[in-house]
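Quick notes on the structure that follows.
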Amino acid sequence: MVDNNTSIKRIIKILYSLLMVIAALIGILSYFNKDIVELEVEAINKTQLTKIANIDGLTVEFLYKDSVVKNLWQIIYSIKNVGSKTIITKGDSKNILEENLSISFNDSVKVLSVDTVIGNFPITTIIDLKNNVINLDFKQWKKSEYTYIVAIVESFGETEPSIFIDSRDIVDAKVTFLEHKPVERNKKIIEYFRPGIFTDFLKWAAVFFIVSPYVMLNITDIRDFRKKSNISKIDKINLILDILRTIIGVSLPLLWFF
C-alpha cells in the first residue's frame, strides 16, 4: 500500500512539473507572439549648414529662401515599424489618437522644410508651422516598413536639434530612439608606424615567417610521399589534407596584411 501511494505521488509530481513547463512555454510564446506597435527612430545624420571657421575679422551672412538664418541644420532620421502590428490611421481599427502621427522638435527650433524620402510605403508630411510640428499622413504603416525624414531647421539653442514621437499618441505602443554613430575601428599595431620602407619590410618579413614553415613542412611531406613504395588511398588523402591545411593556415593570417 505504501509503495502504491509513493508511486502515485511520484506520478503527480511528474505531471505537475510537466504542467509547469508547458505553462512557462505558453507564457514565453505568447509574450514573443504578442502583437505590439514599436517604432524605431534613428538619427542618421545631423549637419550644421552654417558652421564657419573661427577667424578674426571674418563675417558671413547666410540666406535660406531670401531670409537671413544664423544656425541652420539639416537633420535626417529613419523611422521604422519594428513591431509586429500595423499602425492604422483611419476606420474602426485605427490605433492612433489623432488623424495623423505627430512629430515634434526640441525647444528653440524652427522648422523650415520637411520631406519624406526613400520610404517603402505611401506617406506624406504636413508641416504645422504654428505649433512647430510635422504630421505624418498615411493609411497603414505595416511591419518592417520605414521612411526617412529630412528636415531643414533653424536652431536658437546650443544643443543639436532632434525629433520626438510620443508613444502615447499610439495605442499600446513603444518608441525607441537611437543615435547613429560610426563604428570606430581599432588600429592595427602596424598602422602606428609611418608608411614607408620600414613598414613594408616588417610586413614582408612577417609574411616570410608565416609562409616558410608551412612550405618547408609540405616539401618534407611530398618528399616522404614520393619515397614510399606502396602508396595507399589514405596516404593520398592525408597529403591532400596537409596541402589544404597549409593553404588555409597561410591564407587566414595574410588577410590582415593585404
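Chain labels follow the order of the C-alpha cells: the first chain is A, the next B, and so on; residue numbering restarts at 1 in every chain, and ligands are counted from 1 in their shown order.
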Quiz prompt | Shell around Ile75 (chain A) at 9 Å using only C-alpha atoms, local window under 3 positions removed, as a PyMOL selection string | solution = chain A and resi 43-48+149-153+161-162
Quiz item: So which residues of region 73-236 of chain A fall under alpha helix (DSSP H) by DSSP, listed as a ChimeraX atom specification?
Solution: /A:197-227,233-236
Write the residues of the preceding selection, restricted to C-alpha atoms, as a PDB file, in the first residue's frame.
```pdb
ATOM      1  CA  ILE A 197      60.244  51.216 -46.442  1.00  0.00           C
ATOM      2  CA  PHE A 198      60.416  50.127 -42.782  1.00  0.00           C
ATOM      3  CA  THR A 199      56.700  49.183 -42.590  1.00  0.00           C
ATOM      4  CA  ASP A 200      56.925  47.382 -45.949  1.00  0.00           C
ATOM      5  CA  PHE A 201      59.934  45.445 -44.634  1.00  0.00           C
ATOM      6  CA  LEU A 202      58.033  44.442 -41.465  1.00  0.00           C
ATOM      7  CA  LYS A 203      55.040  43.309 -43.490  1.00  0.00           C
ATOM      8  CA  TRP A 204      57.018  41.134 -45.898  1.00  0.00           C
ATOM      9  CA  ALA A 205      59.171  39.769 -43.059  1.00  0.00           C
ATOM     10  CA  ALA A 206      56.005  38.673 -41.273  1.00  0.00           C
ATOM     11  CA  VAL A 207      54.707  37.096 -44.491  1.00  0.00           C
ATOM     12  CA  PHE A 208      58.006  35.194 -44.882  1.00  0.00           C
ATOM     13  CA  PHE A 209      57.963  33.842 -41.309  1.00  0.00           C
ATOM     14  CA  ILE A 210      54.318  32.781 -41.659  1.00  0.00           C
ATOM     15  CA  VAL A 211      54.625  31.129 -45.061  1.00  0.00           C
ATOM     16  CA  SER A 212      58.057  29.492 -44.895  1.00  0.00           C
ATOM     17  CA  PRO A 213      57.323  26.905 -42.111  1.00  0.00           C
ATOM     18  CA  TYR A 214      54.231  25.690 -43.954  1.00  0.00           C
ATOM     19  CA  VAL A 215      56.149  25.454 -47.240  1.00  0.00           C
ATOM     20  CA  MET A 216      59.009  23.508 -45.625  1.00  0.00           C
ATOM     21  CA  LEU A 217      56.594  21.064 -43.989  1.00  0.00           C
ATOM     22  CA  ASN A 218      54.822  20.466 -47.279  1.00  0.00           C
ATOM     23  CA  ILE A 219      58.110  19.883 -49.097  1.00  0.00           C
ATOM     24  CA  THR A 220      59.035  17.302 -46.460  1.00  0.00           C
ATOM     25  CA  ASP A 221      55.627  15.598 -46.716  1.00  0.00           C
ATOM     26  CA  ILE A 222      55.783  15.455 -50.519  1.00  0.00           C
ATOM     27  CA  ARG A 223      59.355  14.051 -50.374  1.00  0.00           C
ATOM     28  CA  ASP A 224      58.315  11.353 -47.900  1.00  0.00           C
ATOM     29  CA  PHE A 225      55.256  10.611 -50.006  1.00  0.00           C
ATOM     30  CA  ARG A 226      57.346  10.060 -53.129  1.00  0.00           C
ATOM     31  CA  LYS A 227      59.769   7.768 -51.299  1.00  0.00           C
ATOM     32  CA  LYS A 233      44.467   5.902 -50.669  1.00  0.00           C
ATOM     33  CA  ILE A 234      44.837   7.071 -47.071  1.00  0.00           C
ATOM     34  CA  ASP A 235      48.327   8.407 -47.855  1.00  0.00           C
ATOM     35  CA  LYS A 236      46.938  10.370 -50.813  1.00  0.00           C
TER      36      LYS A 236
END
```
Quiz item: Can you list, as a list in words, every protein, DNA or RNA residue that comes within 7 Å of Leu136 (chain A) when you count only C-alpha atoms, leaving out same-chain residues fewer than 6 positions away?
Solution: Asn100, Leu101, Ser102, Ile123, Thr124, Thr125 and Ile126 of chain A
Practice problem: Can you list, as a PyMOL selection string, all residues belonging to region 49-210 of chain A that DSSP tags as strand (DSSP E or B)? | Solution: chain A and resi 62-64+67-69+72-81+87-88+96+101-105+109-117+124-128+133-137+140-141+146-155+163-164+170+173-179
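We find CA of Val175 (chain A) and CA of Val41 (chain A) to be spaced 7.2 Å apart.
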Quiz item: Which of these, A:Thr147, A:Thr159, A:Ser84, A:Ser232, has the shortest distance to Asn71 (chain A) once you count only C-alpha atoms?
Solution: A:Thr159
